[in-house]
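Trainee: Contents of query_31.txt (compact mmCIF, C-alpha atoms) are below:
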```
# COMPACT_ATOMS: atom_id res chain seq x y z
CA MET A 1 64.42 80.43 65.09
CA ASN A 2 67.78 80.51 66.90
CA LYS A 3 67.77 79.58 70.53
CA ILE A 4 69.97 81.63 72.80
CA LYS A 5 71.71 79.70 75.54
CA ARG A 6 72.41 81.72 78.62
CA THR A 7 75.17 80.55 80.88
CA VAL A 8 74.89 81.68 84.47
CA ILE A 9 78.06 81.69 86.47
CA GLN A 10 78.23 83.01 89.98
CA ILE A 11 81.20 83.00 92.31
CA ILE A 12 80.79 83.75 95.99
CA LEU A 13 84.01 84.54 97.83
CA CYS A 14 84.00 83.96 101.58
CA ILE A 15 86.94 85.55 103.32
CA GLY A 16 88.81 84.05 106.29
CA LEU A 17 91.79 85.11 108.36
CA ILE A 18 94.40 83.15 110.30
CA PHE A 19 97.56 84.02 112.19
CA ILE A 20 100.65 81.85 112.25
CA ASN A 21 103.54 82.48 114.59
CA GLN A 22 106.33 80.30 113.25
CA ILE A 23 109.65 81.78 114.27
CA SER A 24 109.36 84.64 116.73
CA LYS A 25 107.05 85.89 119.41
CA ALA A 26 105.72 88.64 117.17
CA GLN A 27 102.39 90.25 117.95
CA LYS A 28 100.15 90.01 114.91
CA SER A 29 96.63 90.85 113.88
CA ILE A 30 95.01 90.92 110.47
CA SER A 31 91.57 92.11 109.42
CA LEU A 32 89.47 93.08 106.44
CA SER A 33 87.50 96.30 106.11
CA THR A 34 84.36 94.13 105.92
CA VAL A 35 84.05 90.36 106.21
CA ASN A 36 80.90 89.91 104.19
CA SER A 37 81.01 87.74 101.07
CA ILE A 38 81.59 89.04 97.56
CA VAL A 39 79.17 87.90 94.86
CA MET A 40 80.57 88.04 91.33
CA ASP A 41 78.28 87.50 88.33
CA PHE A 42 79.20 87.82 84.67
CA ALA A 43 77.11 90.19 82.58
CA ALA A 44 76.10 89.09 79.10
CA PRO A 45 77.96 91.02 76.38
CA PHE A 46 75.99 93.77 74.67
CA ASP A 47 76.68 92.23 71.28
CA PRO A 48 76.31 88.42 71.09
CA GLY A 49 79.56 86.69 70.18
CA ASN A 50 81.76 89.29 71.85
CA PRO A 51 83.99 88.21 74.76
CA ILE A 52 82.54 88.47 78.24
CA ASP A 53 84.19 91.18 80.32
CA PRO A 54 85.89 90.14 83.56
CA VAL A 55 84.10 90.93 86.82
CA ILE A 56 86.10 93.11 89.19
CA ASP A 57 85.54 93.81 92.89
CA ASN A 58 87.80 96.12 94.87
CA SER A 59 85.56 96.77 97.88
CA LYS A 60 87.83 95.13 100.48
CA TRP A 61 90.89 96.48 102.27
CA LEU A 62 93.44 94.30 104.08
CA ASN A 63 94.63 95.78 107.39
CA TYR A 64 97.29 94.45 109.75
CA ASN A 65 99.06 95.33 112.98
CA ILE A 66 102.39 93.58 113.41
CA THR A 67 105.24 93.91 115.90
CA VAL A 68 108.19 91.89 114.64
CA THR A 69 110.70 90.54 117.17
CA PRO A 70 113.54 90.39 116.29
CA PRO A 71 113.08 93.26 113.83
CA ASP A 72 115.21 91.69 111.06
CA LEU A 73 112.71 88.86 110.39
CA PRO A 74 110.19 90.17 107.84
CA VAL A 75 106.60 88.95 107.78
CA SER A 76 104.41 88.06 104.78
CA VAL A 77 100.70 87.68 104.11
CA THR A 78 99.60 84.73 101.97
CA ALA A 79 96.28 84.07 100.23
CA GLU A 80 94.81 80.71 99.22
CA ILE A 81 91.55 78.96 98.47
CA THR A 82 90.79 76.74 101.47
CA SER A 83 87.47 75.26 100.40
CA GLY A 84 85.25 75.22 97.37
CA ALA A 85 86.43 75.13 93.80
CA ILE A 86 86.40 77.56 90.94
CA SER A 87 84.30 76.25 88.08
CA GLU A 88 86.25 74.81 85.17
CA GLY A 89 87.13 77.43 82.57
CA LEU A 90 87.25 80.27 85.11
CA GLN A 91 89.96 81.89 87.19
CA ILE A 92 90.06 84.37 90.04
CA GLN A 93 92.96 86.75 90.26
CA LEU A 94 93.84 88.70 93.40
CA GLN A 95 96.03 91.75 93.68
CA ALA A 96 96.89 93.87 96.71
CA GLY A 97 97.37 97.57 96.05
CA ALA A 98 100.23 99.62 97.42
CA TYR A 99 99.98 100.63 101.08
CA SER A 100 97.67 103.58 101.73
CA GLY A 101 97.52 105.44 105.03
CA THR A 102 99.62 107.39 107.51
CA GLY A 103 100.41 104.94 110.34
CA GLY A 104 102.39 102.40 108.38
CA SER A 105 105.98 102.47 109.70
CA ASN A 106 107.17 99.42 107.66
CA PRO A 107 104.20 98.16 105.61
CA GLY A 108 104.75 95.34 103.16
CA ILE A 109 105.20 95.28 99.42
CA PRO A 110 102.50 93.72 97.20
CA THR A 111 103.88 90.87 95.11
CA GLY A 112 101.66 91.40 92.07
CA ASN A 113 98.73 89.65 90.49
CA LEU A 114 98.05 86.11 91.79
CA ILE A 115 95.79 83.47 90.28
CA LEU A 116 94.12 82.07 93.39
CA LYS A 117 94.81 78.38 94.01
CA SER A 118 94.50 75.94 96.88
CA ILE A 119 98.11 76.50 97.86
CA PRO A 120 99.32 79.55 99.84
CA GLN A 121 100.87 82.27 97.70
CA VAL A 122 102.59 85.37 99.05
CA LEU A 123 100.37 88.40 98.46
CA ILE A 124 102.35 90.96 100.51
CA SER A 125 106.00 90.50 101.49
CA ASN A 126 108.69 92.23 103.57
CA ILE A 127 106.38 93.51 106.29
CA GLY A 128 108.17 94.98 109.29
CA THR A 129 106.73 96.38 112.48
CA CYS A 130 103.72 98.43 111.46
CA ASN A 131 100.07 99.28 112.00
CA THR A 132 98.10 100.00 108.82
CA GLY A 133 94.99 101.11 110.70
CA THR A 134 91.56 99.56 110.18
CA GLY A 135 88.73 100.01 107.74
CA VAL A 136 88.58 101.29 104.19
CA ASN A 137 91.16 103.55 102.53
CA VAL A 138 93.96 102.31 104.82
CA GLY A 139 96.13 99.25 104.42
CA HIS A 140 96.09 97.48 101.05
CA GLN A 141 93.10 97.60 98.73
CA LEU A 142 92.28 94.12 97.40
CA THR A 143 91.18 93.68 93.80
CA TYR A 144 89.49 90.41 92.80
CA LYS A 145 89.08 89.69 89.09
CA LEU A 146 86.92 86.83 87.85
CA SER A 147 87.58 85.98 84.21
CA ILE A 148 87.01 83.23 81.69
CA SER A 149 90.16 81.27 80.90
CA ASP A 150 88.55 78.68 78.59
CA TYR A 151 85.18 79.38 76.92
CA ASN A 152 84.83 75.74 75.85
CA ALA A 153 85.02 74.47 79.43
CA ILE A 154 82.55 76.77 81.19
CA LYS A 155 79.16 75.58 82.34
CA SER A 156 76.31 77.24 84.14
CA SER A 157 77.19 77.07 87.83
CA THR A 158 77.38 78.67 91.23
CA SER A 159 80.59 78.21 93.18
CA ILE A 160 81.33 79.14 96.76
CA VAL A 161 85.03 79.67 97.28
CA ASN A 162 86.67 80.47 100.63
CA VAL A 163 89.79 82.63 100.50
CA LEU A 164 92.08 82.59 103.53
CA PHE A 165 94.69 85.22 104.40
CA THR A 166 97.54 84.11 106.67
CA ILE A 167 100.33 86.02 108.38
CA ILE A 168 103.58 84.05 108.24
CA GLN A 169 107.12 84.70 109.35
```
As structure tokens - that is how I would like this structure written.

Mentor:
Amino acid sequence: MNKIKRTVIQIILCIGLIFINQISKAQKSISLSTVNSIVMDFAAPFDPGNPIDPVIDNSKWLNYNITVTPPDLPVSVTAEITSGAISEGLQIQLQAGAYSGTGGSNPGIPTGNLILKSIPQVLISNIGTCNTGTGVNVGHQLTYKLSISDYNAIKSSTSIVNVLFTIIQ
């Protein structure tokens, strides 16, 4: 009789925010539509031997209110893992959607799909003075994607990973 080995992998993303005022006296605030954690679990494939589908969560929206002084110094938002580690053989990608809303003025431009690491990476660039509003369906929708990068390296595990968003200028 064949034994079936089930690998349980769970990633819990804890979200944090920080503001950095490096060059100017800009007024800045950043928030998420909700600050509760995201729990991402892989589902077993329907047919054994098939690849495991990535887990996707797009329940969070990034909102910001920024007054840039002087106006020619654009602002960026970075994302990084500040504590915890992603289990070997896995990766978490993060992508910010295009700005959605009506109060934007000069909202930033998403930089594309990032593989989250423990170093800051620019998620949204070229932000000018703007107010995206707060809550869901305004600002930038965040899409997290947990996927297997190396099937031979994965092990049953639970990881808690803290993701920090930072406003920089």

Trainee: Step by step: start from the point (101.5, 88.6, 101.0) in the file's coordinates, keep every protein, DNA or RNA residue that has an atom no farther than 12 Å from it, count all atoms listed in the file, and write the set as a PyMOL selection string.

Mentor: chain A and resi 30+62-64+74-80+94-98+107-114+120-127+140+142+164-169

Trainee: What's around Ile115 (chain A) at 8 Å? Count all atoms listed in the file, leave out sequence neighbours fewer than 6 positions away in its own chain, and write the answer as a PyMOL selection string.

Mentor: chain A and resi 91-94

Trainee: I'd like the interatomic distance between CA of Thr69 (chain A) and CA of Lys28 (chain A), to a tenth of an Å.

Mentor: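 Separation between CA of Thr69 (chain A) and CA of Lys28 (chain A): 10.8 Å.
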
Trainee: To box region 119-136 of chain A, take all atoms listed in the file, fit an axis-aligned box, add 4 Å on each side, and give centre and edge lengths in Å to one decimal, as JSON.

Mentor:
```
{"center_x": 98.6, "center_y": 88.9, "center_z": 105.1, "size_x": 28.1, "size_y": 32.8, "size_z": 22.8}
```

Trainee: Between A:Cys130, A:Val138, A:Leu90, A:Ile119, which is the closest to Ala153 (chain A) once you count all atoms listed in the file?

Mentor: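 With all atoms listed in the file as the atom set, the closest residue is A:Leu90.
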
Trainee: Just the number, please: distance in Å from CA of Met40 (chain A) to CA of Asp150 (chain A), one decimal.

Mentor: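 If I compute the distance from CA of Met40 (chain A) to CA of Asp150 (chain A), I get 17.7 Å.
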
Trainee: What does the distance from CA of Thr158 (chain A) to CA of Val35 (chain A) come to in Å, to one decimal?

Mentor: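 Here the two named atoms are 20.1 Å from each other.
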
Trainee: Give the answer as one residue: which of A:Ser29, A:Ser83, A:Ile66, A:Glu88 has the shortest atom-to-atom distance to Asn152 (chain A), using all atoms listed in the file?

Mentor: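 When distances to Asn152 (chain A) are compared using all atoms listed in the file, the smallest one comes from A:Glu88.
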
Trainee: Could you check the closest approach to Ala85 (chain A) for each of A:Asn65, A:Ser59, A:Ser149, A:Ser118 and tell me which residue wins, using all atoms listed in the file?

Mentor: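 For Ala85 (chain A), the nearest of the candidates is A:Ser118.
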
Trainee: Looking at A:Ser100, A:Leu146, A:Leu73, A:Gly133, which one is nearest to Val161 (chain A), with distances taken over all atoms listed in the file?

Mentor: A:Leu146

Trainee: Which is closest to Ile81 (chain A) among A:Asp57, A:Val136, A:Tyr99, A:Leu116, if we use all atoms listed in the file?

Mentor: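 The shortest atom-to-atom distance to Ile81 (chain A) comes from A:Leu116.
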
Trainee: Taking (79.4, 87.6, 78.6) as a centre in this file's frame and 12 Å as the limit, can you find every polymer residue with an atom that close, using only C-alpha atoms, and give them as number ranges by chain?

Mentor: A: 5-9, 41-55, 146-148, 151, 154

Trainee: Of the residues A:Ser31, A:Ser37, A:Trp61, A:Gly101, which is the one nearest to Thr143 (chain A), using only C-alpha atoms?

Mentor: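 Result for the nearest residue to Thr143 (chain A): A:Trp61.
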